[in-house]
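This report refers to the structure that appears directly beneath it.
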Amino acid sequence: MQITSFSDMYIAELQELRDLEAQSSAALMRIANEASHPSLQTALMRHRRQSEMQGQRLDTLLQKRGANPREHTDQAMQALVKETDKMVALVNGDDLRDAALIASVQRIEHYEIAAYGTVAALAGQLDFRDDQKLLHESLEEEKEMDLLLTRLAKGEINQDALAA
Ligand SMILES: [Fe+2]
């Protein structure tokens with residue numbers, strides 16, 4: 001699809017986000033299975049469910065605009081997931097792997113925060129207030145996950161990794 005208007009651009013960004021969430025949800029499942037600390041595993045599985053819900057929100061928004069949710073592939077997310085898998089394969093030891101997983105997932109979260117922030121701003125400029133509200137909900141969930149990961153890293157996981 002050629003992008004010739006601001007609203008086309010908004011829809012293309014929503015489609016990218018939709019693919020991002022599909023990739024994120026699949027990756028979180030794999031990453032959670034690699035985690036050793038139960039608190040980290042629980043946080044990752046919980047965020048996976050959140051990610052599925054965020055995907056459904058995007059489906060709703062795309063449907064409203066009559067757009068195909070499967071139009072784009074987010075290659076930046078593909079690269080981030082690939083880096084995570086590469087890291088997991090390299091790291092030896094459960095505690096160290098958990099610390100590496102947090103570092104990788106936080107990188108993904110920061111990317112998601114940037115993506116949702118941008119798309120929510122575009123929705124605002126188009127005066128799509130309901131869309132913006134929904135996008136902000138997902139943005140807040142991504143920020144919460146980022147904070148939770150920082151808490152887990154500082155609270156126990158990185159200490160264990162340092163001691164390993
Ligand atoms: Fe996320």
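Chain labels follow the order of the structure tokens: the first chain is A, the next B, and so on; residue numbering restarts at 1 in every chain, and ligands are counted from 1 in their shown order.
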Environment of ligand 1 within 10 Å, counting only C-alpha atoms and all ligand atoms, reported as an mmCIF file with C-alpha atoms, in the first residue's frame:
```cif
data_model
loop_
_atom_site.group_PDB
_atom_site.id
_atom_site.type_symbol
_atom_site.label_atom_id
_atom_site.label_comp_id
_atom_site.auth_asym_id
_atom_site.auth_seq_id
_atom_site.Cartn_x
_atom_site.Cartn_y
_atom_site.Cartn_z
ATOM 1 C CA LEU A 20 5.193 -6.457 16.618
ATOM 2 C CA GLU A 21 2.685 -7.809 19.164
ATOM 3 C CA SER A 24 6.343 -10.350 20.971
ATOM 4 C CA SER A 25 3.772 -12.820 22.191
ATOM 5 C CA LEU A 28 7.716 -14.174 25.337
ATOM 6 C CA LEU A 44 6.990 -12.961 31.393
ATOM 7 C CA HIS A 47 3.111 -10.012 29.954
ATOM 8 C CA ARG A 48 2.521 -12.580 27.222
ATOM 9 C CA GLN A 50 -1.106 -8.766 28.081
ATOM 10 C CA SER A 51 0.570 -8.815 24.702
ATOM 11 C CA GLU A 52 -2.231 -10.985 23.286
ATOM 12 C CA GLN A 54 -2.800 -5.618 23.101
ATOM 13 C CA VAL A 105 13.352 -8.150 27.077
ATOM 14 C CA GLN A 106 13.884 -4.609 28.353
ATOM 15 C CA ARG A 107 15.348 -3.682 24.990
ATOM 16 C CA ILE A 108 12.177 -5.049 23.376
ATOM 17 C CA GLU A 109 10.016 -3.163 25.890
ATOM 18 C CA HIS A 110 11.801 0.102 25.152
ATOM 19 C CA TYR A 111 11.165 -0.403 21.463
ATOM 20 C CA GLU A 112 7.488 -1.101 22.187
ATOM 21 C CA ILE A 113 7.227 2.000 24.362
ATOM 22 C CA SER A 138 -1.098 -0.533 25.989
ATOM 23 C CA LEU A 139 1.673 2.052 26.355
ATOM 24 C CA GLU A 140 1.134 2.107 30.137
ATOM 25 C CA GLU A 141 1.266 -1.704 30.280
ATOM 26 C CA GLU A 142 4.591 -1.694 28.427
ATOM 27 C CA LYS A 143 5.981 0.903 30.826
ATOM 28 C CA GLU A 144 4.813 -1.140 33.823
ATOM 29 C CA MET A 145 6.515 -4.237 32.444
ATOM 30 C CA ASP A 146 9.729 -2.283 31.968
#
```
Check your understanding: Suppose you want the space between atom CA of A:Ala120 and atom CA of A:Met29; what is it in Å?
Key ->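 Computed distance, atom CA of A:Ala120 to atom CA of A:Met29, equals 26.6 Å.
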Check your understanding: Contacts of A:Ala89 at 12 Å or less, counting only C-alpha atoms, minus same-chain residues fewer than 5 places along, as a list in words?
Key -> Ile31, Glu34, Lys82, Glu83, Thr84, Asp94, Leu96, Arg97, Ala100 and Leu101 of chain A
Exercise for review: Find the residues around A:Asp19 up to 7 Å (only C-alpha atoms counted), leave out those fewer than 3 positions away in its own chain, and share them as a ChimeraX atom specification.
Suggested key: /A:15-16,22-23,72-74
May I have the residues from that selection written out with all heavy atoms, as a short mmCIF file (atom, residue, chain, number, x, y, z; two decimals), in the first residue's frame?
```
data_model
loop_
_atom_site.label_atom_id
_atom_site.label_comp_id
_atom_site.auth_asym_id
_atom_site.auth_seq_id
_atom_site.Cartn_x
_atom_site.Cartn_y
_atom_site.Cartn_z
N GLN A 15 -0.45 -1.30 11.68
CA GLN A 15 -0.18 -2.63 11.13
C GLN A 15 1.19 -3.14 11.59
O GLN A 15 1.35 -4.32 11.91
CB GLN A 15 -0.26 -2.60 9.60
CG GLN A 15 -1.70 -2.47 9.10
CD GLN A 15 -1.79 -2.11 7.63
OE1 GLN A 15 -0.96 -1.36 7.11
NE2 GLN A 15 -2.79 -2.65 6.96
N GLU A 16 2.16 -2.24 11.64
CA GLU A 16 3.49 -2.62 12.15
C GLU A 16 3.39 -3.07 13.60
O GLU A 16 3.98 -4.06 14.00
CB GLU A 16 4.45 -1.42 12.08
CG GLU A 16 4.90 -1.04 10.71
CD GLU A 16 6.27 -1.62 10.36
OE1 GLU A 16 7.01 -2.02 11.27
OE2 GLU A 16 6.57 -1.66 9.16
N ALA A 22 2.37 -9.70 17.66
CA ALA A 22 2.34 -11.14 17.34
C ALA A 22 3.71 -11.75 17.59
O ALA A 22 3.83 -12.82 18.20
CB ALA A 22 1.90 -11.34 15.88
N GLN A 23 4.76 -11.04 17.15
CA GLN A 23 6.12 -11.54 17.38
C GLN A 23 6.46 -11.55 18.86
O GLN A 23 7.09 -12.48 19.36
CB GLN A 23 7.13 -10.64 16.66
CG GLN A 23 7.12 -10.76 15.15
CD GLN A 23 8.31 -10.00 14.57
OE1 GLN A 23 9.44 -10.22 14.95
NE2 GLN A 23 8.04 -9.11 13.63
N HIS A 72 1.87 -5.86 7.34
CA HIS A 72 3.28 -5.48 7.50
C HIS A 72 4.05 -6.47 8.37
O HIS A 72 3.48 -7.13 9.22
CB HIS A 72 3.40 -4.11 8.16
CG HIS A 72 3.13 -2.98 7.24
ND1 HIS A 72 4.07 -2.45 6.40
CD2 HIS A 72 2.00 -2.28 7.02
CE1 HIS A 72 3.53 -1.47 5.70
NE2 HIS A 72 2.27 -1.35 6.05
N THR A 73 5.35 -6.52 8.15
CA THR A 73 6.24 -7.26 9.04
C THR A 73 7.17 -6.25 9.69
O THR A 73 7.77 -5.43 8.99
CB THR A 73 7.07 -8.29 8.24
OG1 THR A 73 6.17 -9.17 7.59
CG2 THR A 73 7.98 -9.09 9.16
N ASP A 74 7.28 -6.32 11.01
CA ASP A 74 8.16 -5.40 11.71
C ASP A 74 9.57 -6.01 11.79
O ASP A 74 9.84 -6.88 12.62
CB ASP A 74 7.61 -5.12 13.11
CG ASP A 74 8.39 -4.03 13.82
OD1 ASP A 74 9.58 -3.83 13.47
OD2 ASP A 74 7.83 -3.39 14.71
#
```
Point to revise | Using only C-alpha atoms: which of A:Pro38, A:Gly155, A:Gly124, A:Gly66 has the shortest distance to A:Asp8 | key: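 Checking each candidate against A:Asp8, we get A:Gly66 as the closest.
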Practice item. For A:Arg57, list every protein, DNA or RNA residue within 10 Å, evaluated using only C-alpha atoms, and leave out those in the same chain fewer than 3 positions away; present the list as JSON, numbers by chain. Key: {"A": [18, 51, 52, 53, 54, 60, 61, 62, 63, 131, 134, 135, 137, 138]}
Just to be explicit: take each residue in the selection above, keep N, CA, C and O atoms, and write the result as a compact mmCIF listing (two decimals), in the first residue's frame.
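Resulting contents of again.txt:
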```
# COMPACT_ATOMS: atom_id res chain seq x y z
N ARG A 18 0.80 -4.24 15.07
CA ARG A 18 0.09 -5.52 15.15
C ARG A 18 1.06 -6.69 14.97
O ARG A 18 1.01 -7.67 15.68
N SER A 51 0.20 -9.04 26.09
CA SER A 51 0.57 -8.82 24.70
C SER A 51 -0.52 -9.33 23.75
O SER A 51 -0.82 -8.71 22.72
N GLU A 52 -1.14 -10.46 24.11
CA GLU A 52 -2.23 -10.98 23.29
C GLU A 52 -3.42 -10.02 23.30
O GLU A 52 -4.05 -9.79 22.27
N MET A 53 -3.67 -9.45 24.48
CA MET A 53 -4.77 -8.50 24.59
C MET A 53 -4.47 -7.22 23.79
O MET A 53 -5.33 -6.66 23.13
N GLN A 54 -3.21 -6.80 23.86
CA GLN A 54 -2.80 -5.62 23.10
C GLN A 54 -2.97 -5.88 21.61
O GLN A 54 -3.37 -4.98 20.85
N THR A 60 -8.95 -4.51 16.71
CA THR A 60 -10.17 -3.69 16.78
C THR A 60 -9.96 -2.35 16.06
O THR A 60 -10.81 -1.91 15.27
N LEU A 61 -8.82 -1.72 16.33
CA LEU A 61 -8.54 -0.41 15.71
C LEU A 61 -8.40 -0.54 14.20
O LEU A 61 -8.90 0.32 13.44
N LEU A 62 -7.75 -1.60 13.74
CA LEU A 62 -7.55 -1.78 12.29
C LEU A 62 -8.87 -2.10 11.60
O LEU A 62 -9.15 -1.61 10.50
N GLN A 63 -9.68 -2.92 12.29
CA GLN A 63 -10.99 -3.26 11.74
C GLN A 63 -11.84 -2.00 11.53
O GLN A 63 -12.49 -1.83 10.50
N ASP A 131 -9.12 5.88 19.81
CA ASP A 131 -7.93 5.10 19.43
C ASP A 131 -6.77 5.45 20.37
O ASP A 131 -6.08 4.59 20.89
N LEU A 134 -7.01 3.89 23.80
CA LEU A 134 -6.68 2.46 23.79
C LEU A 134 -5.17 2.24 23.65
O LEU A 134 -4.58 1.39 24.31
N LEU A 135 -4.56 3.05 22.78
CA LEU A 135 -3.10 2.92 22.57
C LEU A 135 -2.34 3.32 23.84
O LEU A 135 -1.32 2.71 24.17
N GLU A 137 -3.42 2.86 26.85
CA GLU A 137 -3.55 1.74 27.80
C GLU A 137 -2.42 0.75 27.57
O GLU A 137 -1.76 0.29 28.51
N SER A 138 -2.18 0.41 26.30
CA SER A 138 -1.10 -0.53 25.99
C SER A 138 0.26 0.07 26.34
O SER A 138 1.13 -0.61 26.88
```
Exercise for review: Identify all residues of chain A in alpha helix (DSSP H) (DSSP on the backbone) and supply them as a PyMOL selection string.
Suggested key: chain A and resi 6-34+38-64+75-90+94-125+129-152+158-163
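Residues within 7 Å of A:Leu14, counting only C-alpha atoms and excluding same-chain residues fewer than 4 positions away, are Tyr10, Arg18, Leu58 and Val119 of chain A.
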